[in-house]
Each structure stands twice: as structure tokens, then as C-alpha cells.
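See below for query_16.txt, which holds compact mmCIF, C-alpha atoms.
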```txt
# COMPACT_ATOMS: atom_id res chain seq x y z
CA MET A 17 -14.25 -21.98 12.05
CA THR A 18 -13.30 -20.55 15.43
CA TYR A 19 -10.38 -18.16 15.22
CA HIS A 20 -8.28 -17.44 18.27
CA ALA A 21 -6.30 -14.46 16.98
CA PHE A 22 -5.63 -12.09 14.10
CA LEU A 23 -2.13 -11.77 12.70
CA ILE A 24 -1.69 -8.16 11.60
CA LYS A 25 0.61 -7.55 8.64
CA TYR A 26 1.89 -4.09 7.80
CA ALA A 27 3.72 -2.77 4.76
CA GLU A 28 5.47 0.62 4.98
CA ILE A 29 6.16 0.33 8.69
CA GLY A 30 8.53 -2.52 7.89
CA ILE A 31 11.03 -0.17 6.22
CA LYS A 32 11.29 2.27 9.12
CA GLY A 33 14.54 0.84 10.49
CA LYS A 34 15.41 1.82 14.05
CA ASN A 35 12.21 3.87 14.36
CA ARG A 36 9.95 0.97 13.45
CA HIS A 37 8.94 0.31 17.06
CA LEU A 38 7.44 3.83 17.28
CA PHE A 39 5.17 3.13 14.33
CA GLU A 40 4.29 -0.33 15.66
CA ASP A 41 3.35 1.14 19.02
CA ALA A 42 1.15 3.77 17.36
CA LEU A 43 -0.52 1.08 15.28
CA ILE A 44 -1.20 -0.99 18.39
CA ARG A 45 -2.73 2.02 20.17
CA ASN A 46 -4.99 2.78 17.22
CA MET A 47 -6.05 -0.86 16.94
CA GLY A 48 -6.92 -0.89 20.63
CA SER A 49 -9.06 2.23 20.22
CA ALA A 50 -10.87 0.75 17.22
CA LEU A 51 -11.62 -2.51 19.05
CA LYS A 52 -13.07 -0.79 22.14
CA GLU A 53 -16.47 -0.63 20.49
CA VAL A 54 -16.46 -4.33 19.50
CA GLU A 55 -18.00 -7.02 21.65
CA GLY A 56 -15.33 -9.25 23.20
CA THR A 57 -12.06 -9.08 25.09
CA PHE A 58 -8.99 -8.40 22.95
CA SER A 59 -5.30 -8.19 23.77
CA ILE A 60 -2.66 -6.91 21.35
CA SER A 61 0.97 -7.96 21.46
CA LYS A 62 4.20 -7.83 19.48
CA GLU A 63 6.13 -11.04 19.01
CA SER A 64 9.19 -11.63 16.82
CA GLY A 65 8.27 -9.00 14.24
CA ARG A 66 4.59 -9.91 14.36
CA ILE A 67 1.57 -8.11 15.81
CA TYR A 68 -1.20 -10.33 17.14
CA VAL A 69 -4.73 -9.53 18.31
CA THR A 70 -5.71 -12.35 20.63
CA MET A 71 -9.30 -13.00 21.69
CA ASP A 72 -10.17 -14.23 25.17
CA GLY A 73 -13.57 -15.90 25.04
CA PRO A 74 -16.54 -15.16 22.73
CA TYR A 75 -16.28 -12.12 20.47
CA ASP A 76 -17.89 -10.45 17.46
CA TYR A 77 -15.78 -11.70 14.54
CA GLU A 78 -17.41 -9.55 11.86
CA GLY A 79 -17.28 -6.48 14.08
CA ALA A 80 -13.61 -7.02 14.88
CA VAL A 81 -12.66 -7.42 11.22
CA GLU A 82 -14.70 -4.36 10.24
CA ALA A 83 -13.03 -2.26 12.94
CA LEU A 84 -9.53 -3.36 11.96
CA THR A 85 -10.12 -2.65 8.26
CA ARG A 86 -10.46 1.03 9.24
CA VAL A 87 -7.09 1.24 11.02
CA PHE A 88 -4.47 2.89 8.83
CA GLY A 89 -1.15 1.05 8.82
CA ILE A 90 -2.66 -2.41 8.44
CA ALA A 91 -1.94 -4.12 5.12
CA TYR A 92 -3.58 -7.48 5.86
CA ILE A 93 -5.61 -9.11 8.63
CA CYS A 94 -5.08 -12.87 8.90
CA PRO A 95 -7.55 -14.84 11.06
CA VAL A 96 -5.48 -17.43 12.92
CA VAL A 97 -6.20 -20.78 14.56
CA ILE A 98 -3.83 -21.32 17.49
CA MET A 99 -2.88 -24.77 18.71
CA LYS A 100 -0.96 -25.40 21.88
CA SER A 101 2.37 -26.95 20.96
CA GLY A 102 2.40 -30.73 20.72
CA SER A 103 3.56 -33.58 18.52
CA PHE A 104 3.83 -33.36 14.78
CA GLU A 105 1.03 -35.91 14.42
CA GLU A 106 -1.26 -33.65 16.43
CA LEU A 107 -0.26 -30.73 14.22
CA LYS A 108 -1.07 -32.76 11.08
CA ASP A 109 -4.52 -33.61 12.43
CA ARG A 110 -5.21 -29.96 13.21
CA VAL A 111 -3.96 -28.70 9.84
CA THR A 112 -5.87 -31.26 7.78
CA GLY A 113 -9.02 -30.54 9.79
CA TYR A 114 -8.56 -26.81 9.17
CA VAL A 115 -8.17 -27.32 5.42
CA LYS A 116 -11.14 -29.68 5.18
CA GLU A 117 -13.40 -27.20 6.99
CA MET A 118 -12.14 -24.12 5.18
CA TYR A 119 -12.01 -25.67 1.69
CA PRO A 120 -14.62 -28.43 1.39
CA GLU A 121 -14.90 -30.65 -1.66
CA ASP A 122 -17.99 -28.90 -3.01
CA GLY A 123 -15.87 -25.83 -3.58
CA GLY A 124 -14.40 -27.36 -6.71
CA ARG A 125 -10.87 -28.34 -7.58
CA ARG A 126 -8.26 -25.94 -6.19
CA THR A 127 -4.52 -25.73 -5.78
CA PHE A 128 -2.55 -25.10 -2.61
CA LYS A 129 0.92 -24.72 -1.18
CA VAL A 130 2.07 -25.01 2.42
CA PHE A 131 4.34 -22.25 3.72
CA ALA A 132 6.00 -23.38 6.93
CA ARG A 133 8.05 -21.18 9.24
CA ARG A 134 9.94 -22.61 12.19
CA GLY A 135 10.44 -19.89 14.78
CA ASP A 136 11.18 -22.42 17.52
CA LYS A 137 14.49 -24.02 16.51
CA ARG A 138 13.99 -26.79 19.05
CA PHE A 139 11.31 -28.30 16.85
CA PRO A 140 12.84 -31.49 15.35
CA MET A 141 11.94 -30.75 11.70
CA ASN A 142 13.07 -27.86 9.53
CA SER A 143 10.68 -25.63 7.55
CA MET A 144 10.97 -27.55 4.26
CA GLU A 145 10.33 -30.88 5.99
CA ILE A 146 7.29 -29.49 7.81
CA ALA A 147 5.82 -28.10 4.56
CA ARG A 148 6.43 -31.33 2.65
CA GLU A 149 4.90 -33.59 5.30
CA LEU A 150 1.89 -31.38 5.85
CA GLY A 151 1.32 -31.11 2.10
CA GLY A 152 1.28 -34.87 1.80
CA ALA A 153 -1.15 -35.22 4.71
CA ILE A 154 -3.52 -32.67 3.09
CA LEU A 155 -3.49 -34.58 -0.20
CA ASP A 156 -4.37 -37.78 1.64
CA VAL A 157 -7.37 -36.20 3.37
CA CYS A 158 -8.43 -33.81 0.58
CA PRO A 159 -7.73 -35.57 -2.78
CA TYR A 160 -9.80 -32.91 -4.58
CA LEU A 161 -6.95 -30.45 -3.92
CA SER A 162 -3.68 -30.39 -5.82
CA VAL A 163 -0.29 -28.81 -5.21
CA ASP A 164 0.91 -25.77 -7.16
CA VAL A 165 4.19 -24.36 -5.89
CA HIS A 166 4.16 -21.37 -8.26
CA SER A 167 0.65 -19.85 -8.24
CA PRO A 168 -1.45 -21.63 -5.62
CA LYS A 169 -5.02 -20.52 -5.00
CA ILE A 170 -4.69 -21.46 -1.33
CA ARG A 171 -1.62 -20.32 0.61
CA LEU A 172 -1.62 -22.27 3.86
CA ASN A 173 0.71 -20.80 6.48
CA VAL A 174 1.91 -22.80 9.46
CA GLU A 175 4.20 -21.12 11.99
CA ILE A 176 5.99 -23.08 14.69
CA ARG A 177 6.64 -20.90 17.72
CA HIS A 178 5.89 -21.54 21.39
CA GLN A 179 2.48 -22.39 19.93
CA PHE A 180 1.37 -23.48 16.46
CA TYR A 181 -0.27 -20.84 14.25
CA ILE A 182 -2.39 -21.84 11.24
CA TYR A 183 -3.88 -19.39 8.74
CA SER A 184 -4.67 -19.02 5.05
CA GLU A 185 -6.85 -15.91 4.70
CA ASN A 186 -5.53 -12.43 4.01
CA ILE A 187 -8.21 -9.78 4.52
CA THR A 188 -7.08 -6.54 2.92
CA GLY A 189 -6.57 -3.62 5.31
CA PRO A 190 -6.58 0.08 4.43
CA GLY A 191 -2.77 0.43 4.19
CA GLY A 192 -1.10 3.74 4.85
CA MET A 193 0.57 4.84 8.08
CA PRO A 194 -0.78 4.84 11.65
CA VAL A 195 -2.63 8.07 12.43
CA GLY A 196 -0.57 10.29 14.70
CA THR A 197 2.85 9.31 13.35
CA ASN A 198 3.12 12.19 10.86
CA GLY A 199 1.93 15.27 12.71
CA SER A 200 -1.42 17.02 12.33
CA ALA A 201 -3.25 19.31 9.94
CA THR A 202 -6.55 21.19 9.71
CA LEU A 203 -9.17 20.21 7.14
CA LEU A 204 -11.51 22.75 5.53
CA LEU A 205 -14.60 20.54 5.66
CA SER A 206 -17.73 21.36 3.67
CA GLY A 207 -20.87 19.35 3.01
CA GLY A 208 -19.66 18.29 -0.44
CA ILE A 209 -18.10 15.14 -1.80
CA ASP A 210 -14.48 16.26 -2.03
CA SER A 211 -13.33 17.51 1.37
CA PRO A 212 -14.23 14.36 3.40
CA VAL A 213 -12.23 12.32 0.87
CA ALA A 214 -9.30 14.73 1.22
CA GLY A 215 -9.39 14.33 5.00
CA TYR A 216 -9.45 10.54 4.68
CA MET A 217 -6.49 10.53 2.28
CA ILE A 218 -4.31 12.76 4.46
CA ALA A 219 -5.20 10.74 7.57
CA LYS A 220 -4.11 7.62 5.66
CA ARG A 221 -0.59 9.08 5.59
CA GLY A 222 -0.51 9.13 9.39
CA VAL A 223 -1.73 12.72 9.89
CA LYS A 224 -4.07 13.57 12.78
CA ILE A 225 -6.77 15.96 11.57
CA ASP A 226 -8.83 18.82 12.98
CA ALA A 227 -11.54 20.43 10.85
CA VAL A 228 -13.13 23.81 10.19
CA TYR A 229 -16.63 24.23 8.74
CA PHE A 230 -18.01 27.60 7.58
CA HIS A 231 -21.68 27.95 8.46
CA ALA A 232 -23.87 30.77 7.08
CA PRO A 233 -27.19 30.96 8.90
CA PRO A 234 -29.92 31.70 7.94
CA TYR A 235 -28.78 30.95 4.38
CA THR A 236 -27.61 27.52 5.45
CA SER A 237 -29.81 25.48 7.75
CA GLU A 238 -29.12 23.47 10.90
CA ARG A 239 -29.61 20.39 8.75
CA ALA A 240 -26.67 21.53 6.61
CA LYS A 241 -24.58 21.86 9.76
CA GLN A 242 -25.67 18.42 10.99
CA LYS A 243 -24.74 17.00 7.60
CA VAL A 244 -21.16 18.22 8.09
CA VAL A 245 -21.06 16.83 11.63
CA ASP A 246 -22.22 13.49 10.21
CA LEU A 247 -19.50 13.63 7.56
CA ALA A 248 -16.90 14.34 10.24
CA LYS A 249 -18.14 11.29 12.17
CA LEU A 250 -17.77 9.11 9.09
CA VAL A 251 -14.22 10.33 8.46
CA SER A 252 -13.37 9.92 12.17
CA ARG A 253 -14.02 6.18 11.86
CA TYR A 254 -10.70 6.13 9.98
CA SER A 255 -8.88 9.19 11.31
CA GLY A 256 -9.77 8.96 14.98
CA PRO A 257 -11.51 11.80 16.89
CA ILE A 258 -11.86 15.13 15.06
CA ARG A 259 -12.17 18.55 16.69
CA LEU A 260 -14.66 20.35 14.42
CA HIS A 261 -14.77 24.16 14.47
CA VAL A 262 -18.09 25.59 13.23
CA VAL A 263 -17.48 29.18 12.15
CA ASN A 264 -20.42 31.56 11.70
CA PHE A 265 -19.36 33.08 8.39
CA THR A 266 -22.53 34.96 7.40
CA ASP A 267 -21.46 38.52 8.25
CA VAL A 268 -18.09 38.10 6.54
CA GLN A 269 -19.80 36.80 3.41
CA MET A 270 -22.38 39.60 3.42
CA ALA A 271 -19.64 42.24 3.67
CA ILE A 272 -17.79 40.68 0.74
CA TYR A 273 -21.04 40.51 -1.24
CA GLU A 274 -21.88 44.16 -0.57
CA LYS A 275 -18.43 45.73 -1.06
CA CYS A 276 -16.51 43.61 -3.59
CA PRO A 277 -16.97 42.93 -7.32
CA HIS A 278 -19.37 40.02 -7.75
CA ASP A 279 -17.17 38.13 -10.19
CA GLU A 280 -14.53 38.01 -7.41
CA LEU A 281 -16.85 36.87 -4.62
CA THR A 282 -15.77 33.24 -4.64
CA ILE A 283 -12.04 33.84 -4.59
CA ILE A 284 -12.22 36.57 -1.92
CA MET A 285 -14.52 34.46 0.23
CA ARG A 286 -12.12 31.54 -0.16
CA ARG A 287 -9.17 33.68 0.91
CA TYR A 288 -10.95 34.66 4.13
CA MET A 289 -11.83 31.04 4.80
CA MET A 290 -8.16 30.14 4.48
CA ARG A 291 -7.15 32.97 6.82
CA ILE A 292 -9.61 31.84 9.50
CA ALA A 293 -8.75 28.16 9.08
CA GLU A 294 -5.06 29.00 9.42
CA TYR A 295 -5.80 30.90 12.62
CA PHE A 296 -7.31 27.79 14.18
CA ALA A 297 -4.56 25.57 12.74
CA LYS A 298 -1.89 27.67 14.44
CA LYS A 299 -3.88 28.00 17.64
CA ASN A 300 -4.24 24.23 17.88
CA GLY A 301 -0.66 23.49 16.88
CA THR A 302 -1.35 21.75 13.58
CA PHE A 303 1.16 22.05 10.77
CA GLY A 304 -0.87 22.64 7.61
CA LEU A 305 -4.24 23.04 5.94
CA ILE A 306 -6.10 20.39 3.91
CA THR A 307 -8.57 21.13 1.12
CA GLY A 308 -10.51 19.01 -1.35
CA GLU A 309 -9.55 21.11 -4.36
CA SER A 310 -8.91 19.54 -7.77
CA ILE A 311 -7.39 21.52 -10.63
CA GLY A 312 -10.03 23.02 -12.91
CA GLN A 313 -13.04 21.46 -11.21
CA VAL A 314 -14.66 24.87 -10.50
CA ALA A 315 -13.71 28.51 -10.95
CA SER A 316 -11.96 28.73 -7.57
CA GLN A 317 -9.77 25.74 -8.44
CA THR A 318 -7.94 26.94 -11.53
CA ILE A 319 -4.17 27.23 -11.19
CA GLN A 320 -4.45 31.01 -11.00
CA SER A 321 -7.14 30.81 -8.32
CA LEU A 322 -5.12 28.37 -6.23
CA VAL A 323 -2.09 30.66 -6.40
CA CYS A 324 -4.25 33.58 -5.30
CA THR A 325 -5.72 31.53 -2.42
CA ASN A 326 -2.33 30.25 -1.26
CA ALA A 327 -1.01 33.79 -1.02
CA VAL A 328 -2.86 34.45 2.26
CA CYS A 329 -1.38 31.37 3.99
CA THR A 330 1.95 30.85 5.69
CA LEU A 331 1.28 27.19 6.51
CA PRO A 332 1.51 24.59 3.72
CA VAL A 333 -1.76 23.66 2.01
CA PHE A 334 -2.21 19.96 1.25
CA ARG A 335 -4.48 19.06 -1.69
CA PRO A 336 -4.50 15.27 -2.01
CA LEU A 337 -7.18 15.34 -4.73
CA ILE A 338 -5.39 17.85 -6.93
CA GLY A 339 -5.05 15.49 -9.92
CA PHE A 340 -8.26 13.50 -9.44
CA ASP A 341 -11.30 13.78 -11.67
CA LYS A 342 -14.79 13.76 -10.17
CA GLN A 343 -15.46 10.07 -10.78
CA GLU A 344 -12.22 9.10 -9.04
CA ILE A 345 -13.22 11.20 -6.03
CA ILE A 346 -16.72 9.70 -5.98
CA LYS A 347 -15.25 6.20 -6.06
CA VAL A 348 -13.25 6.87 -2.89
CA SER A 349 -16.23 8.56 -1.19
CA GLU A 350 -18.34 5.47 -1.87
CA LYS A 351 -15.60 3.25 -0.51
CA ILE A 352 -15.37 5.14 2.79
CA GLY A 353 -19.12 5.61 3.16
CA THR A 354 -19.37 9.41 2.85
CA TYR A 355 -20.98 9.68 -0.60
CA GLU A 356 -24.62 9.19 0.37
CA THR A 357 -24.33 11.84 3.10
CA SER A 358 -22.43 14.25 0.85
CA ILE A 359 -25.17 14.30 -1.79
CA LEU A 360 -27.96 15.17 0.66
CA PRO A 361 -29.56 18.38 -0.73
CA PHE A 362 -28.57 20.89 1.94
CA GLU A 363 -26.76 24.00 0.71
CA ASP A 364 -23.45 25.08 2.20
CA CYS A 365 -22.03 28.56 2.34
CA CYS A 366 -19.84 27.99 -0.71
CA THR A 367 -22.88 27.59 -2.94
CA ILE A 368 -25.04 30.44 -1.60
CA PHE A 369 -23.06 33.47 -2.76
CA VAL A 370 -21.80 32.18 -6.11
CA ALA A 371 -21.48 34.71 -8.94
CA LYS A 372 -23.06 33.95 -12.30
CA HIS A 373 -19.75 34.56 -14.03
CA PRO A 374 -16.91 34.12 -11.52
CA VAL A 375 -13.40 35.12 -12.47
CA THR A 376 -11.34 32.05 -13.40
CA LYS A 377 -7.95 33.73 -13.79
CA PRO A 378 -7.77 36.16 -10.88
CA ILE A 379 -4.85 38.55 -10.65
CA GLN A 380 -3.59 38.70 -7.09
CA LYS A 381 -2.95 42.47 -7.06
CA GLN A 382 -6.48 43.11 -8.31
CA ILE A 383 -7.97 40.81 -5.67
CA GLU A 384 -5.95 42.54 -2.95
CA LYS A 385 -7.16 45.92 -4.27
CA SER A 386 -10.79 44.72 -4.06
CA GLU A 387 -10.23 43.42 -0.52
CA ARG A 388 -9.16 46.89 0.60
CA LYS A 389 -12.80 47.93 0.23
CA LEU A 390 -13.41 45.78 3.32
CA ASP A 391 -10.80 47.54 5.47
CA ASP A 392 -13.31 49.42 7.62
CA VAL A 393 -15.23 46.32 8.73
CA ILE A 394 -13.41 43.09 8.02
CA ASP A 395 -11.12 42.87 11.06
CA ASP A 396 -14.03 43.13 13.49
CA LEU A 397 -16.13 40.69 11.46
CA VAL A 398 -13.36 38.10 11.34
CA LYS A 399 -12.68 38.52 15.06
CA THR A 400 -16.37 38.00 15.85
CA ALA A 401 -16.48 34.93 13.62
CA ILE A 402 -13.49 33.48 15.46
CA ASP A 403 -14.77 34.40 18.92
CA THR A 404 -18.19 32.84 18.32
CA THR A 405 -16.90 29.63 16.77
CA GLU A 406 -18.48 26.47 18.16
CA VAL A 407 -16.14 23.54 18.79
CA ILE A 408 -17.60 20.02 18.50
CA GLU A 409 -15.65 16.92 19.46
CA VAL A 410 -16.53 14.25 16.91
CA GLY A 411 -15.75 10.54 17.08
```

What would you get if you wrote out this structure as C-alpha cells?
Amino acid sequence: MTYHAFLIKYAEIGIKGKNRHLFEDALIRNMGSALKEVEGTFSISKESGRIYVTMDGPYDYEGAVEALTRVFGIAYICPVVIMKSGSFEELKDRVTGYVKEMYPEDGGRRTFKVFARRGDKRFPMNSMEIARELGGAILDVCPYLSVDVHSPKIRLNVEIRHQFYIYSENITGPGGMPVGTNGSATLLLSGGIDSPVAGYMIAKRGVKIDAVYFHAPPYTSERAKQKVVDLAKLVSRYSGPIRLHVVNFTDVQMAIYEKCPHDELTIIMRRYMMRIAEYFAKKNGTFGLITGESIGQVASQTIQSLVCTNAVCTLPVFRPLIGFDKQEIIKVSEKIGTYETSILPFEDCCTIFVAKHPVTKPIQKQIEKSERKLDDVIDDLVKTAIDTTEVIEVG
């Protein structure tokens, strides 16, 4: 089957009222960006509440579908056969040929229903008449099919506009909102399973993301850093380009290790990560921080620990995985293609300086008291970490 266009269906955008055109325009821009890497010439247009991707000449069908299934805001992708307007007899021939090719007899006995929509009111038949006549013609040509008006296996759509549009497939898109329609936030990205999933889930709500990664050479290798860059690239396939900040965190970690109680290492280290990430978030004009934390998963993710971590931030902290268990997170990571990279055995800075018995119910005043032991060095160390940060444009 040669398809001439894709009809793009969206869900949430449809309830945006007078602002809907802003979301549609953002979706069209993001679709155009996604299709730039696909072989072929594509044009995207809005028409009577519809968004169409039209192909001019040969193109990579599989590549186009794969690209569009990564564009947030798309609910369904419908491959469409377009027929120049003509007589009803010509339309019947085209529709029956479409059905016979798409659903041959060796596919077994199936049910169908024709859904007709007459956008061009000059057409001499109304929608019910079109559906009835086309249904009869299909039964004549394909007697192995039968009609089911309630729960058909095949939903054949025929739209009468300035051209005739024929489609029956609905390829599921990623849903969500177009990236860029709901502000921006900064992701604390590690080499683990959770944080790439958190970035994906926030981007799905229309949020543009930056990222910060805390590198600790020589305790973490260049391969560990490359692993995070690779994860950022995988997330950027959905979120669009990501500005990744690689912070050299070694000296800050060493000072914490040398001067603070070892059972508080993780929570104090986490608080300084949040401080530095918030610095870059504010510098770049993003409106919040994103983490992959899930309640109770590790010592730094108990309710008490999260309260203690939040205390150093003035921006909101978004935790889309907060109620997920590990298997639910893994399932999403497999779906978006980050899992196999996340489990590569390269240590990150969060796992190097872990205490044998970390505090699970930290008291904020006690943590602040322990942090005062860093007063003579920490400001300079944080400033150096910020000043020497490497910025990598990913995607």
C-alpha cells in the first residue's frame, strides 16, 4: 500500500479552547524537527481541525512512523490514501481496492464498519448514504468480511473534502503535550535507570528540559560520563535537544567525606547537588528541578530525606516517579530505550561515597549543623565546580 499522507490525531490539545492553535503550532514545529532526519520530503498543514503530514515523492515509511511516535502530543498516526475528488463510482473502486489489499481473504473472517464524513457539503450524498453504499460495495467485493456496527474489527474512515481521504489504521503515538508548551525545567541526570525516565515523563507534559550531571574523576571514568551523554541522547529523541552540564564534583565530595559524619554523607552530598543544579536552573531561566526519586527506594529517598533535600531549594522539585516501584520504572525505561544503557557497569558519583549505614531519617537541624563544618572551604569548592562545568549540547 502506498500512503500519501499521515493524519495526526491529538487528545489533550483538543480541549485547549481559544489557545488550541498555540499547541497545534508547537506540535507542528516538533513534528517538522523529528522528520528532518527521515528520508523524503514532508509538508505539514492544518485543515478543518486536522493536522496532515503530506509526502511529496518517495519516502521512508517506517522511518517517518518511528519519528512521529516520539513526538509528544500525538495520540494516533493514521496512514492515509488520498484520491483526487471524482465520481462516487470512482470512490467506490478506490475504497474496495484499498480494503481488498489491506485485508485479504487469507486473513480470516473479520468485521468492519464504514465511518463516512462529508466535509464538502457540495457532494451529492450525505454521510449516512456514503457509508451505506460503500459498505455494500465492500461486501460485494470482499464476501469474507461482515458488518458489525457496534464493535467492528476494521474501522474504515472515508472523508470527503476537496479530496477523498481513506484510512483504517491507528498507530498509537506517545500522547502527552507538545514539548515547549509548558515551560522548562532542569533534570538531575545520573547514569542510573530512574533519572532518564523522570526526564522523559516530564517532557511528555510539554516541558523543555536541561540536565546536570555530577562527575567525580578519577573515581568515575570517562566511560561513565559518556554513558550519561548517551542517556541524554536517548531522552532527547523524545524531548528535543538537551543542554547537559557536566559538573566536576570530586572536590566537593571529598570535603564532605573528610569533614562530615559518614552516615550523613549521602544526604549532604545530595543537598549540594541540588544547590548547584538550582544555580544552573536559574541561570538558564528554567522553572524547576527534576529528579528520579521514588519514596523509600534508597536511604536518600525516604520522606524525611526528601524534606531535608528540598530545604535547600527555592524552585519547585518535580518527582514524576515518586509513587513508582522499581519494576514500573524499568518497564518505562525499556519502552523508551534507555534501560540497556542505564545498566552498563560504570559507577557514578552517587555510588562511590556511600556510607555503610546511611541515615534514613535525617533531622534537618542536625544536617545543617554538620554542614557548618564545611564553612571554611565549601564556597570556593562550589564556585570552582560551577566555573569549570562543561556544557554539552545533546540531540

Residues within 9 Å of A:Leu107, only C-alpha atoms, excluding chain neighbours under 5 positions, as a PyMOL selection string = chain A and resi 99+101-102+112+150+180

Per-residue nearest contacts stretch 20-135 of chain A to stretch 192-214 of chain A, cut-off 8 Å, using all atoms listed in the file, as CSV:
```
residue,atom,partner,partner_atom,distance
A:Glu28,CA,A:Met193,CA,7.2
A:Ile29,CA,A:Met193,CA,7.2
A:Phe39,CA,A:Thr197,CA,6.7
A:Ala42,CA,A:Pro194,CA,6.1
A:Leu43,CA,A:Pro194,CA,5.2
A:Asn46,CA,A:Pro194,CA,7.3
A:Val87,CA,A:Pro194,CA,7.3
A:Phe88,CA,A:Pro194,CA,5.0
A:Gly89,CA,A:Met193,CA,4.2
A:Ile90,CA,A:Gly192,CA,7.3
A:Ala91,CA,A:Gly192,CA,7.9
```

Atoms to include: C-alpha atoms. Write the selected residues as a CSV table (one decimal), in the frame of the given file.
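out.csv written:
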```csv
chain,number,residue,atom,x,y,z
A,28,GLU,CA,5.5,0.6,5.0
A,29,ILE,CA,6.2,0.3,8.7
A,39,PHE,CA,5.2,3.1,14.3
A,42,ALA,CA,1.2,3.8,17.4
A,43,LEU,CA,-0.5,1.1,15.3
A,46,ASN,CA,-5.0,2.8,17.2
A,87,VAL,CA,-7.1,1.2,11.0
A,88,PHE,CA,-4.5,2.9,8.8
A,89,GLY,CA,-1.2,1.0,8.8
A,90,ILE,CA,-2.7,-2.4,8.4
A,91,ALA,CA,-1.9,-4.1,5.1
```

Out of A:Arg126, A:Ala219, A:Glu117, A:Ile383, which residue has the shortest atom-to-atom distance to A:Met17 when counting only C-alpha atoms?
-> A:Glu117

Can you work out which one of A:His231, A:Lys347, A:His166, A:Arg134 has the shortest atom-to-atom distance to A:His178, counting only C-alpha atoms?
->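 Result for the nearest residue to A:His178: A:Arg134.
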
Using only C-alpha atoms, find the one residue out of A:Arg171, A:Ile319, A:Ile218, A:Phe265 that sits nearest to A:Thr236.
->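 Looking at the shortest contact to A:Thr236, the residue is A:Phe265.
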
Calculate how many Å separate atom CA of A:Ile24 from atom CA of A:Tyr92, rounding to one decimal.
->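 If I compute the distance from atom CA of A:Ile24 to atom CA of A:Tyr92, I get 6.1 Å.
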
Can you list, as a ChimeraX atom specification, every protein, DNA or RNA residue that comes within 12 Å of A:Lys372 when you count all atoms listed in the file, leaving out same-chain residues fewer than 6 positions away?
-> /A:277-282,315

Non-local contacts of A:Lys249 (9 Å; only C-alpha atoms; under 6 positions in same chain excluded) as a list in words |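 Using only C-alpha atoms, the neighbours found are Pro257, Ile258, Val410 and Gly411 of chain A.
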
Determine, counting all atoms listed in the file, which protein, DNA and RNA residues have an atom within 12 Å of an atom of A:Val81; residues of the same chain fewer than 4 positions away are not included. Present the result as a PyMOL selection string.
-> chain A and resi 19+21-24+47+50-51+54-55+69+75-77+85-87+90+92-95+186-190

Would you write out, as JSON lines, a table of all residues in stretch 320-394 of chain A that have an atom no more than 7 Å from an atom of stretch 287-295 of chain A, listing for each the closest atom pair and the distance in Å to one decimal, considering only C-alpha atoms and ordering rows by chain and rising residue number?
```
{"residue": "A:Thr325", "atom": "CA", "partner": "A:Arg287", "partner_atom": "CA", "distance": 5.3}
{"residue": "A:Val328", "atom": "CA", "partner": "A:Arg291", "partner_atom": "CA", "distance": 6.4}
{"residue": "A:Cys329", "atom": "CA", "partner": "A:Arg291", "partner_atom": "CA", "distance": 6.6}
```

For A:Phe296, which of A:Gln380, A:Ser255, A:Thr405, A:Asn326 is the closest residue, counting only C-alpha atoms?
-> A:Thr405

Quick one: of A:Gly135, A:Pro234, A:Pro140, A:Pro159, who's nearest to A:Tyr181, counting only C-alpha atoms?
-> A:Gly135

Residue nearest A:Lys299 among A:Asp122, A:Glu387, A:Glu409, A:Asp226 (counting all atoms listed in the file) =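 Comparing A:Asp122, A:Glu387, A:Glu409, A:Asp226 against A:Lys299, the winner is A:Asp226.
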
In Å, how far is it from atom CA of A:Leu161 to atom CA of A:Met118?
->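 If I compute the distance from atom CA of A:Leu161 to atom CA of A:Met118, I get 12.2 Å.
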
Exercise: stretch 389-394 of chain A partners within 12 Å, only C-alpha atoms, chain neighbours under 3 positions left out, as a PDB file with C-alpha atoms, keeping the file's coordinate frame:
```pdb
ATOM      1  CA  PHE A 265     -19.360  33.080   8.390  1.00  0.00           C
ATOM      2  CA  ASP A 267     -21.460  38.520   8.250  1.00  0.00           C
ATOM      3  CA  VAL A 268     -18.090  38.100   6.540  1.00  0.00           C
ATOM      4  CA  GLN A 269     -19.800  36.800   3.410  1.00  0.00           C
ATOM      5  CA  MET A 270     -22.380  39.600   3.420  1.00  0.00           C
ATOM      6  CA  ALA A 271     -19.640  42.240   3.670  1.00  0.00           C
ATOM      7  CA  ILE A 272     -17.790  40.680   0.740  1.00  0.00           C
ATOM      8  CA  TYR A 273     -21.040  40.510  -1.240  1.00  0.00           C
ATOM      9  CA  GLU A 274     -21.880  44.160  -0.570  1.00  0.00           C
ATOM     10  CA  LYS A 275     -18.430  45.730  -1.060  1.00  0.00           C
ATOM     11  CA  CYS A 276     -16.510  43.610  -3.590  1.00  0.00           C
ATOM     12  CA  PRO A 277     -16.970  42.930  -7.320  1.00  0.00           C
ATOM     13  CA  ILE A 284     -12.220  36.570  -1.920  1.00  0.00           C
ATOM     14  CA  MET A 285     -14.520  34.460   0.230  1.00  0.00           C
ATOM     15  CA  TYR A 288     -10.950  34.660   4.130  1.00  0.00           C
ATOM     16  CA  ARG A 291      -7.150  32.970   6.820  1.00  0.00           C
ATOM     17  CA  ILE A 292      -9.610  31.840   9.500  1.00  0.00           C
ATOM     18  CA  GLN A 382      -6.480  43.110  -8.310  1.00  0.00           C
ATOM     19  CA  ILE A 383      -7.970  40.810  -5.670  1.00  0.00           C
ATOM     20  CA  GLU A 384      -5.950  42.540  -2.950  1.00  0.00           C
ATOM     21  CA  LYS A 385      -7.160  45.920  -4.270  1.00  0.00           C
ATOM     22  CA  SER A 386     -10.790  44.720  -4.060  1.00  0.00           C
ATOM     23  CA  LEU A 397     -16.130  40.690  11.460  1.00  0.00           C
ATOM     24  CA  VAL A 398     -13.360  38.100  11.340  1.00  0.00           C
ATOM     25  CA  LYS A 399     -12.680  38.520  15.060  1.00  0.00           C
ATOM     26  CA  THR A 400     -16.370  38.000  15.850  1.00  0.00           C
ATOM     27  CA  ALA A 401     -16.480  34.930  13.620  1.00  0.00           C
TER      28      ALA A 401
END
```
